[in-house]
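Source file: start32.cif (mmCIF, C-alpha atoms (C1' of nucleotides))
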```
data_run
loop_
_atom_site.group_PDB
_atom_site.id
_atom_site.type_symbol
_atom_site.label_atom_id
_atom_site.label_comp_id
_atom_site.auth_asym_id
_atom_site.auth_seq_id
_atom_site.Cartn_x
_atom_site.Cartn_y
_atom_site.Cartn_z
ATOM 1 C CA MET A 118 1.006 -190.933 9.780
ATOM 2 C CA PRO A 119 -1.659 -191.778 8.263
ATOM 3 C CA GLU A 120 -4.664 -193.341 9.670
ATOM 4 C CA LEU A 121 -7.776 -193.900 7.609
ATOM 5 C CA PRO A 122 -8.757 -190.214 7.218
ATOM 6 C CA GLU A 123 -5.303 -189.219 6.007
ATOM 7 C CA VAL A 124 -5.156 -192.094 3.516
ATOM 8 C CA GLU A 125 -8.666 -191.307 2.270
ATOM 9 C CA THR A 126 -7.779 -187.612 1.980
ATOM 10 C CA THR A 127 -4.766 -188.602 -0.107
ATOM 11 C CA ARG A 128 -6.871 -190.887 -2.293
ATOM 12 C CA ARG A 129 -9.428 -188.187 -3.025
ATOM 13 C CA GLY A 130 -6.717 -185.658 -3.715
ATOM 14 C CA ILE A 131 -4.631 -187.684 -6.129
ATOM 15 C CA GLU A 132 -7.246 -189.698 -8.010
ATOM 16 C CA PRO A 133 -8.349 -186.928 -10.416
ATOM 17 C CA HIS A 134 -4.713 -186.227 -11.324
ATOM 18 C CA VAL A 135 -3.567 -189.762 -12.045
ATOM 19 C CA VAL A 136 -6.523 -191.454 -13.725
ATOM 20 C CA GLY A 137 -6.491 -191.829 -17.519
ATOM 21 C CA GLN A 138 -2.950 -190.646 -18.198
ATOM 22 C CA PRO A 139 -0.349 -193.115 -19.500
ATOM 23 C CA ILE A 140 2.588 -193.651 -17.146
ATOM 24 C CA GLN A 141 5.677 -192.471 -18.948
ATOM 25 C CA HIS A 142 8.406 -193.085 -16.432
ATOM 26 C CA VAL A 143 8.892 -194.594 -12.969
ATOM 27 C CA HIS A 144 11.917 -193.778 -10.870
ATOM 28 C CA VAL A 145 12.692 -195.753 -7.713
ATOM 29 C CA ARG A 146 15.404 -193.915 -5.765
ATOM 30 C CA GLN A 147 15.224 -195.936 -2.562
ATOM 31 C CA PRO A 148 13.798 -199.449 -2.760
ATOM 32 C CA MET A 149 14.456 -200.300 0.890
ATOM 33 C CA LEU A 150 11.097 -199.568 2.460
ATOM 34 C CA ARG A 151 9.240 -201.744 4.993
ATOM 35 C CA TRP A 152 9.548 -204.391 2.313
ATOM 36 C CA PRO A 153 11.849 -203.949 -0.660
ATOM 37 C CA VAL A 154 10.291 -202.486 -3.776
ATOM 38 C CA THR A 155 10.658 -205.232 -6.373
ATOM 39 C CA ASP A 156 12.762 -204.731 -9.476
ATOM 40 C CA GLY A 157 9.771 -205.374 -11.714
ATOM 41 C CA LEU A 158 7.623 -202.514 -10.395
ATOM 42 C CA ALA A 159 8.898 -199.762 -12.679
ATOM 43 C CA GLN A 160 8.741 -201.883 -15.783
ATOM 44 C CA ALA A 161 5.300 -203.215 -14.927
ATOM 45 C CA LEU A 162 3.861 -199.721 -14.463
ATOM 46 C CA THR A 163 5.444 -198.030 -17.467
ATOM 47 C CA GLY A 164 2.939 -197.519 -20.275
ATOM 48 C CA LYS A 165 -0.041 -198.496 -18.139
ATOM 49 C CA VAL A 166 -3.072 -196.325 -17.412
ATOM 50 C CA ILE A 167 -4.601 -196.017 -13.960
ATOM 51 C CA ARG A 168 -8.323 -196.711 -14.048
ATOM 52 C CA ARG A 169 -9.143 -195.690 -10.499
ATOM 53 C CA VAL A 170 -7.654 -195.402 -7.018
ATOM 54 C CA ILE A 171 -9.377 -197.255 -4.215
ATOM 55 C CA ARG A 172 -8.602 -197.557 -0.519
ATOM 56 C CA ARG A 173 -8.691 -200.728 1.550
ATOM 57 C CA ALA A 174 -7.787 -200.181 5.209
ATOM 58 C CA LYS A 175 -4.719 -197.909 5.050
ATOM 59 C CA TYR A 176 -3.651 -199.242 1.658
ATOM 60 C CA LEU A 177 -4.121 -197.352 -1.591
ATOM 61 C CA LEU A 178 -4.703 -199.510 -4.656
ATOM 62 C CA PHE A 179 -3.927 -197.942 -8.022
ATOM 63 C CA GLU A 180 -5.866 -200.123 -10.417
ATOM 64 C CA THR A 181 -4.735 -200.407 -14.013
ATOM 65 C CA TYR A 182 -6.396 -202.510 -16.715
ATOM 66 C CA ASP A 183 -3.912 -205.270 -15.907
ATOM 67 C CA GLY A 184 -2.691 -205.341 -12.333
ATOM 68 C CA ARG A 185 -2.426 -202.740 -9.619
ATOM 69 C CA MET A 186 0.020 -200.930 -7.405
ATOM 70 C CA MET A 187 -0.498 -201.203 -3.639
ATOM 71 C CA VAL A 188 0.884 -198.388 -1.468
ATOM 72 C CA HIS A 189 1.060 -198.000 2.310
ATOM 73 C CA LEU A 190 2.201 -194.711 3.847
ATOM 74 C CA GLY A 191 3.542 -196.194 7.076
ATOM 75 C CA MET A 192 4.104 -193.659 9.851
ATOM 76 C CA SER A 193 5.569 -190.763 7.897
ATOM 77 C CA GLY A 194 4.598 -191.252 4.259
ATOM 78 C CA SER A 195 2.896 -188.858 1.886
ATOM 79 C CA LEU A 196 1.942 -188.730 -1.792
ATOM 80 C CA ARG A 197 1.972 -185.419 -3.621
ATOM 81 C CA VAL A 198 1.021 -184.283 -7.107
ATOM 82 C CA LEU A 199 3.635 -181.971 -8.627
ATOM 83 C CA PRO A 200 4.856 -180.744 -12.010
ATOM 84 C CA ARG A 201 7.490 -183.098 -13.361
ATOM 85 C CA GLU A 202 10.290 -180.526 -13.210
ATOM 86 C CA VAL A 203 10.234 -180.224 -9.404
ATOM 87 C CA ALA A 204 13.524 -181.617 -8.090
ATOM 88 C CA PRO A 205 13.375 -184.431 -5.519
ATOM 89 C CA GLU A 206 14.401 -183.782 -1.933
ATOM 90 C CA ALA A 207 15.502 -186.036 0.893
ATOM 91 C CA HIS A 208 13.313 -189.124 1.402
ATOM 92 C CA ASP A 209 11.551 -188.787 -1.956
ATOM 93 C CA HIS A 210 11.809 -192.499 -2.716
ATOM 94 C CA LEU A 211 9.536 -192.983 -5.715
ATOM 95 C CA ASP A 212 8.368 -190.871 -8.667
ATOM 96 C CA ILE A 213 5.708 -191.749 -11.207
ATOM 97 C CA VAL A 214 5.663 -189.409 -14.202
ATOM 98 C CA PHE A 215 2.618 -189.270 -16.460
ATOM 99 C CA ALA A 216 2.479 -188.392 -20.148
ATOM 100 C CA ASN A 217 0.908 -185.000 -19.456
ATOM 101 C CA GLY A 218 3.797 -183.939 -17.204
ATOM 102 C CA THR A 219 2.115 -184.710 -13.886
ATOM 103 C CA LEU A 220 4.347 -186.222 -11.233
ATOM 104 C CA LEU A 221 3.146 -188.420 -8.370
ATOM 105 C CA ARG A 222 5.845 -188.377 -5.685
ATOM 106 C CA TYR A 223 6.126 -190.718 -2.690
ATOM 107 C CA ARG A 224 8.037 -189.416 0.333
ATOM 108 C CA ASP A 225 8.589 -191.387 3.532
ATOM 109 C CA PRO A 226 11.380 -190.366 5.947
ATOM 110 C CA ARG A 227 11.021 -193.353 8.241
ATOM 111 C CA ARG A 228 10.496 -195.861 5.429
ATOM 112 C CA PHE A 229 7.844 -197.825 7.281
ATOM 113 C CA GLY A 230 5.647 -197.646 4.193
ATOM 114 C CA SER A 231 5.613 -200.042 1.276
ATOM 115 C CA VAL A 232 4.914 -200.257 -2.452
ATOM 116 C CA PHE A 233 3.967 -203.479 -4.219
ATOM 117 C CA TRP A 234 3.041 -204.409 -7.764
ATOM 118 C CA LEU A 235 0.243 -206.972 -7.968
ATOM 119 C CA PRO A 236 0.042 -208.495 -11.450
ATOM 120 C CA GLY A 237 -3.234 -209.442 -13.096
ATOM 121 C CA GLU A 238 -5.967 -210.239 -10.594
ATOM 122 C CA GLU A 239 -3.570 -211.180 -7.810
ATOM 123 C CA SER A 240 -4.332 -210.025 -4.294
ATOM 124 C CA HIS A 241 -1.800 -209.774 -1.505
ATOM 125 C CA VAL A 242 -1.352 -211.718 1.686
ATOM 126 C CA LEU A 243 -1.338 -208.455 3.665
ATOM 127 C CA LEU A 244 -4.922 -207.837 2.534
ATOM 128 C CA ALA A 245 -6.115 -211.337 3.349
ATOM 129 C CA SER A 246 -7.117 -211.113 6.993
ATOM 130 C CA LEU A 247 -8.309 -207.523 7.304
ATOM 131 C CA GLY A 248 -11.498 -206.771 9.209
ATOM 132 C CA PRO A 249 -14.374 -204.606 7.979
ATOM 133 C CA GLU A 250 -14.115 -200.991 6.902
ATOM 134 C CA PRO A 251 -15.276 -198.840 9.828
ATOM 135 C CA LEU A 252 -17.412 -196.581 7.626
ATOM 136 C CA ASP A 253 -19.278 -199.511 6.026
ATOM 137 C CA ASP A 254 -22.644 -200.686 7.318
ATOM 138 C CA GLY A 255 -21.103 -204.079 8.057
ATOM 139 C CA PHE A 256 -19.236 -202.506 10.961
ATOM 140 C CA ASP A 257 -21.324 -201.845 14.050
ATOM 141 C CA GLY A 258 -21.532 -202.384 17.804
ATOM 142 C CA GLU A 259 -22.759 -205.921 17.380
ATOM 143 C CA HIS A 260 -19.625 -206.804 15.417
ATOM 144 C CA LEU A 261 -17.356 -205.401 18.122
ATOM 145 C CA TYR A 262 -19.343 -206.994 20.934
ATOM 146 C CA ARG A 263 -19.254 -210.422 19.308
ATOM 147 C CA LEU A 264 -15.503 -210.400 18.619
ATOM 148 C CA ALA A 265 -14.679 -208.985 22.057
ATOM 149 C CA HIS A 266 -16.192 -211.992 23.819
ATOM 150 C CA ARG A 267 -13.844 -213.114 26.617
ATOM 151 C CA ARG A 268 -10.987 -210.984 25.335
ATOM 152 C CA LYS A 269 -8.831 -209.543 28.066
ATOM 153 C CA THR A 270 -6.849 -207.130 25.955
ATOM 154 C CA ALA A 271 -7.432 -203.396 26.490
ATOM 155 C CA VAL A 272 -10.298 -202.079 24.394
ATOM 156 C CA LYS A 273 -7.993 -199.511 22.816
ATOM 157 C CA THR A 274 -5.651 -202.233 21.586
ATOM 158 C CA PHE A 275 -8.713 -204.206 20.460
ATOM 159 C CA ILE A 276 -10.077 -201.469 18.170
ATOM 160 C CA MET A 277 -6.596 -200.809 16.771
ATOM 161 C CA THR A 278 -6.300 -204.453 15.655
ATOM 162 C CA ASN A 279 -6.719 -204.756 11.902
ATOM 163 C CA GLU A 280 -8.433 -208.153 12.058
ATOM 164 C CA ILE A 281 -11.174 -206.549 14.177
ATOM 165 C CA VAL A 282 -11.682 -203.328 12.245
ATOM 166 C CA VAL A 283 -9.276 -201.493 9.932
ATOM 167 C CA GLY A 284 -8.128 -197.906 9.771
ATOM 168 C CA VAL A 285 -8.306 -196.947 13.458
ATOM 169 C CA GLY A 286 -4.843 -195.783 14.525
ATOM 170 C CA ASN A 287 -3.562 -194.205 17.699
ATOM 171 C CA ILE A 288 -5.041 -190.721 17.309
ATOM 172 C CA TYR A 289 -8.567 -191.760 16.419
ATOM 173 C CA ALA A 290 -8.659 -194.656 18.885
ATOM 174 C CA ASN A 291 -7.990 -192.137 21.672
ATOM 175 C CA GLU A 292 -10.590 -189.736 20.321
ATOM 176 C CA ALA A 293 -13.322 -192.315 19.721
ATOM 177 C CA LEU A 294 -12.954 -193.775 23.210
ATOM 178 C CA PHE A 295 -13.274 -190.318 24.704
ATOM 179 C CA ASP A 296 -16.378 -189.600 22.634
ATOM 180 C CA ALA A 297 -17.923 -192.927 23.703
ATOM 181 C CA GLY A 298 -17.025 -192.421 27.379
ATOM 182 C CA ILE A 299 -15.087 -195.704 27.554
ATOM 183 C CA SER A 300 -11.760 -196.091 29.370
ATOM 184 C CA PRO A 301 -9.008 -197.184 26.961
ATOM 185 C CA VAL A 302 -7.635 -199.635 29.540
ATOM 186 C CA ARG A 303 -10.906 -201.481 30.133
ATOM 187 C CA GLN A 304 -10.823 -205.127 29.064
ATOM 188 C CA ALA A 305 -12.508 -205.571 25.678
ATOM 189 C CA GLY A 306 -14.596 -208.494 26.947
ATOM 190 C CA ARG A 307 -16.044 -206.471 29.812
ATOM 191 C CA ILE A 308 -17.986 -203.889 27.826
ATOM 192 C CA SER A 309 -21.742 -204.068 27.223
ATOM 193 C CA ARG A 310 -23.449 -204.299 23.855
ATOM 194 C CA ASP A 311 -24.924 -200.828 24.332
ATOM 195 C CA ARG A 312 -21.531 -199.307 24.965
ATOM 196 C CA TYR A 313 -20.096 -201.021 21.877
ATOM 197 C CA ASP A 314 -22.922 -199.461 19.881
ATOM 198 C CA ALA A 315 -21.778 -196.081 21.180
ATOM 199 C CA LEU A 316 -18.155 -196.897 20.393
ATOM 200 C CA ALA A 317 -18.873 -197.986 16.819
ATOM 201 C CA THR A 318 -20.872 -194.793 16.318
ATOM 202 C CA ALA A 319 -18.044 -192.712 17.782
ATOM 203 C CA ILE A 320 -15.468 -194.359 15.493
ATOM 204 C CA LYS A 321 -17.590 -193.653 12.411
ATOM 205 C CA ASP A 322 -18.224 -190.099 13.546
ATOM 206 C CA VAL A 323 -14.635 -189.131 14.338
ATOM 207 C CA LEU A 324 -13.258 -190.697 11.140
ATOM 208 C CA SER A 325 -15.919 -188.971 9.037
ATOM 209 C CA ARG A 326 -15.270 -185.584 10.615
ATOM 210 C CA ALA A 327 -11.520 -186.004 10.181
ATOM 211 C CA ILE A 328 -11.947 -186.789 6.476
ATOM 212 C CA LEU A 329 -13.964 -183.586 6.082
ATOM 213 C CA ALA A 330 -11.095 -181.655 7.708
ATOM 214 C CA GLY A 331 -8.516 -183.244 5.403
ATOM 215 C CA GLY A 332 -7.021 -185.443 8.129
ATOM 216 C CA THR A 333 -4.667 -184.639 11.010
ATOM 217 C CA THR A 334 -1.178 -183.258 10.428
ATOM 218 C CA LEU A 335 1.236 -183.695 13.329
ATOM 219 C CA ARG A 336 4.531 -183.645 11.474
ATOM 220 C CA ASP A 337 4.942 -185.422 8.164
ATOM 221 C CA PHE A 338 1.509 -185.794 6.684
ATOM 222 C CA VAL A 339 0.578 -183.483 3.845
ATOM 223 C CA ARG A 340 -2.232 -183.659 1.327
ATOM 224 C CA GLU A 341 -1.567 -184.198 -2.357
ATOM 225 C CA ASP A 342 -1.134 -180.422 -2.802
ATOM 226 C CA GLY A 343 1.326 -180.098 0.088
ATOM 227 C CA GLN A 344 -1.238 -178.569 2.467
ATOM 228 C CA PRO A 345 -1.719 -179.989 5.985
ATOM 229 C CA GLY A 346 -4.924 -181.501 7.346
ATOM 230 C CA TYR A 347 -6.797 -179.441 9.913
ATOM 231 C CA PHE A 348 -8.357 -181.993 12.235
ATOM 232 C CA ARG A 349 -5.587 -181.392 14.735
ATOM 233 C CA HIS A 350 -7.589 -178.453 16.068
ATOM 234 C CA ASP A 351 -10.520 -180.769 16.768
ATOM 235 C CA LEU A 352 -8.596 -183.316 18.848
ATOM 236 C CA ARG A 353 -10.011 -183.506 22.355
ATOM 237 C CA VAL A 354 -7.571 -185.871 24.085
ATOM 238 C CA TYR A 355 -4.711 -186.925 21.786
ATOM 239 C CA GLY A 356 -1.635 -184.816 22.530
ATOM 240 C CA ARG A 357 -3.369 -183.114 25.475
ATOM 241 C CA GLY A 358 -2.087 -185.178 28.410
ATOM 242 C CA GLY A 359 -2.083 -183.066 31.599
ATOM 243 C CA GLU A 360 -4.417 -180.479 30.119
ATOM 244 C CA ASP A 361 -8.015 -180.124 31.281
ATOM 245 C CA CYS A 362 -10.790 -182.341 29.947
ATOM 246 C CA VAL A 363 -13.024 -180.278 27.632
ATOM 247 C CA ARG A 364 -16.077 -181.830 29.261
ATOM 248 C CA CYS A 365 -15.351 -181.849 33.011
ATOM 249 C CA ASN A 366 -12.074 -179.902 33.451
ATOM 250 C CA THR A 367 -10.293 -182.793 35.188
ATOM 251 C CA PRO A 368 -6.646 -183.060 34.062
ATOM 252 C CA LEU A 369 -6.325 -185.680 31.326
ATOM 253 C CA ARG A 370 -4.319 -188.757 32.227
ATOM 254 C CA GLU A 371 -1.544 -190.059 29.948
ATOM 255 C CA VAL A 372 -0.521 -193.714 30.056
ATOM 256 C CA ARG A 373 0.956 -196.382 27.766
ATOM 257 C CA VAL A 374 -1.303 -199.004 26.282
ATOM 258 C CA GLY A 375 0.273 -201.535 23.951
ATOM 259 C CA GLN A 376 3.401 -199.389 23.541
ATOM 260 C CA ARG A 377 1.307 -196.436 22.350
ATOM 261 C CA SER A 378 0.699 -193.165 24.120
ATOM 262 C CA THR A 379 -2.817 -193.033 25.443
ATOM 263 C CA VAL A 380 -4.698 -190.032 26.794
ATOM 264 C CA TYR A 381 -8.061 -190.141 28.535
ATOM 265 C CA CYS A 382 -10.256 -188.575 31.171
ATOM 266 C CA ALA A 383 -10.567 -190.865 34.184
ATOM 267 C CA THR A 384 -13.778 -189.054 35.155
ATOM 268 C CA CYS A 385 -15.628 -189.115 31.831
ATOM 269 C CA GLN A 386 -14.309 -192.463 30.614
ATOM 270 C CA ARG A 387 -15.131 -195.649 32.496
ATOM 271 C "C1'" DA J 178 -5.337 -218.931 20.457
ATOM 272 C "C1'" DG J 179 -4.621 -214.657 22.778
ATOM 273 C "C1'" DT J 180 -1.385 -211.309 24.322
ATOM 274 C "C1'" DT J 181 2.883 -209.005 24.695
ATOM 275 C "C1'" DT J 182 7.324 -207.468 22.870
ATOM 276 C "C1'" DA J 183 10.965 -206.230 19.781
ATOM 277 C "C1'" DA J 184 12.010 -204.566 15.481
ATOM 278 C "C1'" DC J 185 12.066 -201.855 11.230
ATOM 279 C "C1'" DC J 186 13.952 -196.124 10.397
ATOM 280 C "C1'" DT J 187 14.774 -191.010 10.554
ATOM 281 C "C1'" DG J 188 14.295 -186.660 12.775
ATOM 282 C "C1'" DG J 189 12.851 -183.512 16.285
ATOM 283 C "C1'" DG J 190 12.761 -182.228 20.962
ATOM 284 C "C1'" DT J 191 14.703 -182.254 25.721
ATOM 285 C "C1'" DG J 192 17.924 -182.332 29.334
ATOM 286 C "C1'" DC J 193 22.564 -182.488 30.939
ATOM 287 C "C1'" DT S 268 27.281 -177.046 20.815
ATOM 288 C "C1'" DG S 269 27.269 -181.717 21.532
ATOM 289 C "C1'" DC S 270 25.543 -185.900 22.965
ATOM 290 C "C1'" DA S 271 22.505 -189.242 24.917
ATOM 291 C "C1'" DC S 272 18.013 -190.341 25.257
ATOM 292 C "C1'" DC S 273 12.989 -190.453 24.361
ATOM 293 C "C1'" DC S 274 9.209 -189.856 21.326
ATOM 294 C "C1'" DA S 275 6.412 -190.078 16.861
ATOM 295 C "C1'" DG S 276 -0.311 -191.064 12.360
ATOM 296 C "C1'" DG S 277 2.025 -198.519 11.696
ATOM 297 C "C1'" DT S 278 2.440 -203.252 11.435
ATOM 298 C "C1'" DT S 279 4.615 -207.746 11.441
ATOM 299 C "C1'" DA S 280 6.945 -211.725 13.325
ATOM 300 C "C1'" DA S 281 8.439 -213.921 17.158
ATOM 301 C "C1'" DA S 282 8.229 -214.865 21.899
ATOM 302 C "C1'" DC S 283 5.584 -215.801 25.910
#
```

Show me the file's structure as C-alpha cells.
Amino acid sequence: MPELPEVETTRRGIEPHVVGQPIQHVHVRQPMLRWPVTDGLAQALTGKVIRRVIRRAKYLLFETYDGRMMVHLGMSGSLRVLPREVAPEAHDHLDIVFANGTLLRYRDPRRFGSVFWLPGEESHVLLASLGPEPLDDGFDGEHLYRLAHRRKTAVKTFIMTNEIVVGVGNIYANEALFDAGISPVRQAGRISRDRYDALATAIKDVLSRAILAGGTTLRDFVREDGQPGYFRHDLRVYGRGGEDCVRCNTPLREVRVGQRSTVYCATCQR
DNA sequence: AGTTTAACCTGGGTGC
DNA sequence: TGCACCCAGGTTAAAC
C-alpha cells in the first residue's frame, strides 16, 4: 500500500478518534505478520491512554504515557475506525477497543505489515537507520546529490532507499521522476546538483498533493472511514505504461527497475 | 561497501 | 470452470 501519503492520511484520520480514551480490550486474531506480534502487546496496551499518533517514515507510532505501539501497513494494510459491534471479516488481524465503544481495526491481507510494542522510552532497531523525512527542510537536492556521489544504482532505486530518504515508494518514485524530467534508469551518481534540486522539489510536491487527495487507492488501501484516496486520478505515469505521455504524447515505456514496475517517458525524462 | 536477489503472503487478473 | 502463471502501495537478510 501505503506510501507516505497513505500512512499520513491514516494518521490524520485516526488520531482524533483514538486519543484520550482508555483502551478497554485488545484482540489479536492473527499474530503472524511480517514479524510475529508479541504475546505481551495486548496486556501492555490494555488500560493505557494514547497521547498522540505520530508518523516516522511509513511507521505509525501510537504514543501512550508509558511506551508506544509501532504499526507498519506493509503492502496491503489499512486501519479503520468503526463502532465496536462491527463483526470482523477476513484478514482483520487486530482490534483495539476503547472505553467509549470506538474500535480501531487493523486489516492486512498479505500480512507484510507489523505491530510492535515498545516499552518505556525504547526505540526500535527498524527506526535506527532511517533517512530524513522528505517533507522536512532537512531534505533537499544537496542531500541527494551528496549521498549519490559515485553511486551506480538507478536513481529510482536510490530515492526508494530508506537510508537515503523515507516514504518514497513505487508510485511516487515514478511520479516524482516524471515531474523532474529524470530517467528512472539513470545512475544516481551521474545527475547534476541542479537536477537533484528539481527532484527533491518534485518529491515534496507530489507527496504533498497526494496527502491533500487522501492518498492513492489501487486495491487495498482505505482511509480510516473506509473511503478510498483519490490521487489515483492525478497519476501521470504509474499504471499508464503504453499510454501516451501527458506532456509530449509519446507512448510511455514500462520496464523493471529493482524488481519494481517502472513507467517513464523516454522523451521527457533523461 | 554497494548492489542485486530471494523471500515473506494473499488475491485478482489473464491466458490456455 | 479450472488451473497455472504473473502481478501488486514494502522491506529485510543474504548472496554476490

Worksheet item: Could you write out as JSON, numbers by chain the residues that the PyMOL selection byres ((chain A) within 10 of (chain J)) matches in the shown file?
Response: {"A": [150, 151, 152, 193, 208, 225, 226, 227, 228, 229, 268, 269, 270, 336, 375, 376]}

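Computed from the coordinates, the atom CA of Arg370 of chain A to atom CA of Asn287 of chain A distance equals 15.5 Å.
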
Counting only C-alpha atoms (C1' of nucleotides), a student should be able to say which residues of chain S come within 9 Å of chain A; what is the right answer, written as a PDB file with C-alpha atoms (C1' of nucleotides), in the frame of the given file?
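Final output, saved to out_27.pdb:
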```
ATOM      1  C1'  DA S 275       6.412-190.078  16.861  1.00  0.00           C
ATOM      2  C1'  DG S 276      -0.311-191.064  12.360  1.00  0.00           C
ATOM      3  C1'  DG S 277       2.025-198.519  11.696  1.00  0.00           C
ATOM      4  C1'  DT S 278       2.440-203.252  11.435  1.00  0.00           C
TER       5       DT S 278
END
```

Fill in: segment 176-179 of chain A environment, 8 Å, all atoms listed in the file, sequence neighbours closer than 4 positions dropped, as a ChimeraX atom specification
/A:124,128,167-172,185-190

Those selected residues, please, written with C-alpha atoms and delivered as a compact mmCIF listing (two decimals), keeping the file's coordinate frame.
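Output file selection.txt follows:
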```txt
# COMPACT_ATOMS: atom_id res chain seq x y z
CA VAL A 124 -5.16 -192.09 3.52
CA ARG A 128 -6.87 -190.89 -2.29
CA ILE A 167 -4.60 -196.02 -13.96
CA ARG A 168 -8.32 -196.71 -14.05
CA ARG A 169 -9.14 -195.69 -10.50
CA VAL A 170 -7.65 -195.40 -7.02
CA ILE A 171 -9.38 -197.26 -4.22
CA ARG A 172 -8.60 -197.56 -0.52
CA ARG A 185 -2.43 -202.74 -9.62
CA MET A 186 0.02 -200.93 -7.40
CA MET A 187 -0.50 -201.20 -3.64
CA VAL A 188 0.88 -198.39 -1.47
CA HIS A 189 1.06 -198.00 2.31
CA LEU A 190 2.20 -194.71 3.85
```

What are the centre and edge lengths in Å, to one decimal, of the axis-aligned box around all listed atoms of segment 178-191 of chain J with 8 Å added on each side, as JSON?
```
{"center_x": 4.7, "center_y": -200.6, "center_z": 18.1, "size_x": 36.1, "size_y": 52.7, "size_z": 31.3}
```

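Going from atom CA of Val380 of chain A over to atom CA of Arg357 of chain A, you cover 7.2 Å.
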
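When atom CA of Tyr355 of chain A is paired with atom CA of Thr126 of chain A, their separation reads 20.1 Å.
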
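Evaluated against this file, the PyMOL selection byres ((chain A and resi 317) around 8) yields Pro251, Phe256, Asp257, Gly258, Leu261, Tyr313, Asp314, Ala315, Leu316, Thr318, Ala319, Ile320 and Lys321 of chain A.
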
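When the PyMOL selection byres ((chain A and resi 351) around 10) is evaluated on the file shown here, the picked residues come out as Glu292, Val323, Arg326, Ala327, Ala330, Thr333, Tyr347, Phe348, Arg349, His350, Leu352, Arg353, Val354 and Tyr355 of chain A.
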
Is there a way to complete segment 315-329 of chain A with N, CA and C atoms and then write that out as a compact mmCIF listing (two decimals), keeping the file's coordinate frame?
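As written to disk, selection.txt reads:
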```txt
# COMPACT_ATOMS: atom_id res chain seq x y z
N ALA A 315 -22.25 -197.47 21.08
CA ALA A 315 -21.78 -196.08 21.18
C ALA A 315 -20.36 -195.95 20.63
N LEU A 316 -19.53 -196.96 20.87
CA LEU A 316 -18.16 -196.90 20.39
C LEU A 316 -18.09 -196.98 18.87
N ALA A 317 -18.86 -197.88 18.28
CA ALA A 317 -18.87 -197.99 16.82
C ALA A 317 -19.35 -196.67 16.21
N THR A 318 -20.36 -196.08 16.80
CA THR A 318 -20.87 -194.79 16.32
C THR A 318 -19.80 -193.71 16.44
N ALA A 319 -19.09 -193.72 17.56
CA ALA A 319 -18.04 -192.71 17.78
C ALA A 319 -16.90 -192.87 16.78
N ILE A 320 -16.53 -194.11 16.48
CA ILE A 320 -15.47 -194.36 15.49
C ILE A 320 -15.89 -193.82 14.13
N LYS A 321 -17.10 -194.14 13.70
CA LYS A 321 -17.59 -193.65 12.41
C LYS A 321 -17.62 -192.12 12.39
N ASP A 322 -18.08 -191.55 13.48
CA ASP A 322 -18.22 -190.10 13.55
C ASP A 322 -16.88 -189.38 13.49
N VAL A 323 -15.91 -189.84 14.29
CA VAL A 323 -14.64 -189.13 14.34
C VAL A 323 -13.88 -189.31 13.02
N LEU A 324 -13.94 -190.49 12.43
CA LEU A 324 -13.26 -190.70 11.14
C LEU A 324 -13.90 -189.84 10.05
N SER A 325 -15.22 -189.77 10.06
CA SER A 325 -15.92 -188.97 9.04
C SER A 325 -15.58 -187.49 9.17
N ARG A 326 -15.58 -187.00 10.40
CA ARG A 326 -15.27 -185.58 10.62
C ARG A 326 -13.83 -185.28 10.24
N ALA A 327 -12.93 -186.22 10.52
CA ALA A 327 -11.52 -186.00 10.18
C ALA A 327 -11.32 -185.98 8.66
N ILE A 328 -12.04 -186.82 7.94
CA ILE A 328 -11.95 -186.79 6.48
C ILE A 328 -12.39 -185.42 5.96
N LEU A 329 -13.47 -184.91 6.52
CA LEU A 329 -13.96 -183.59 6.08
C LEU A 329 -12.94 -182.49 6.34
```
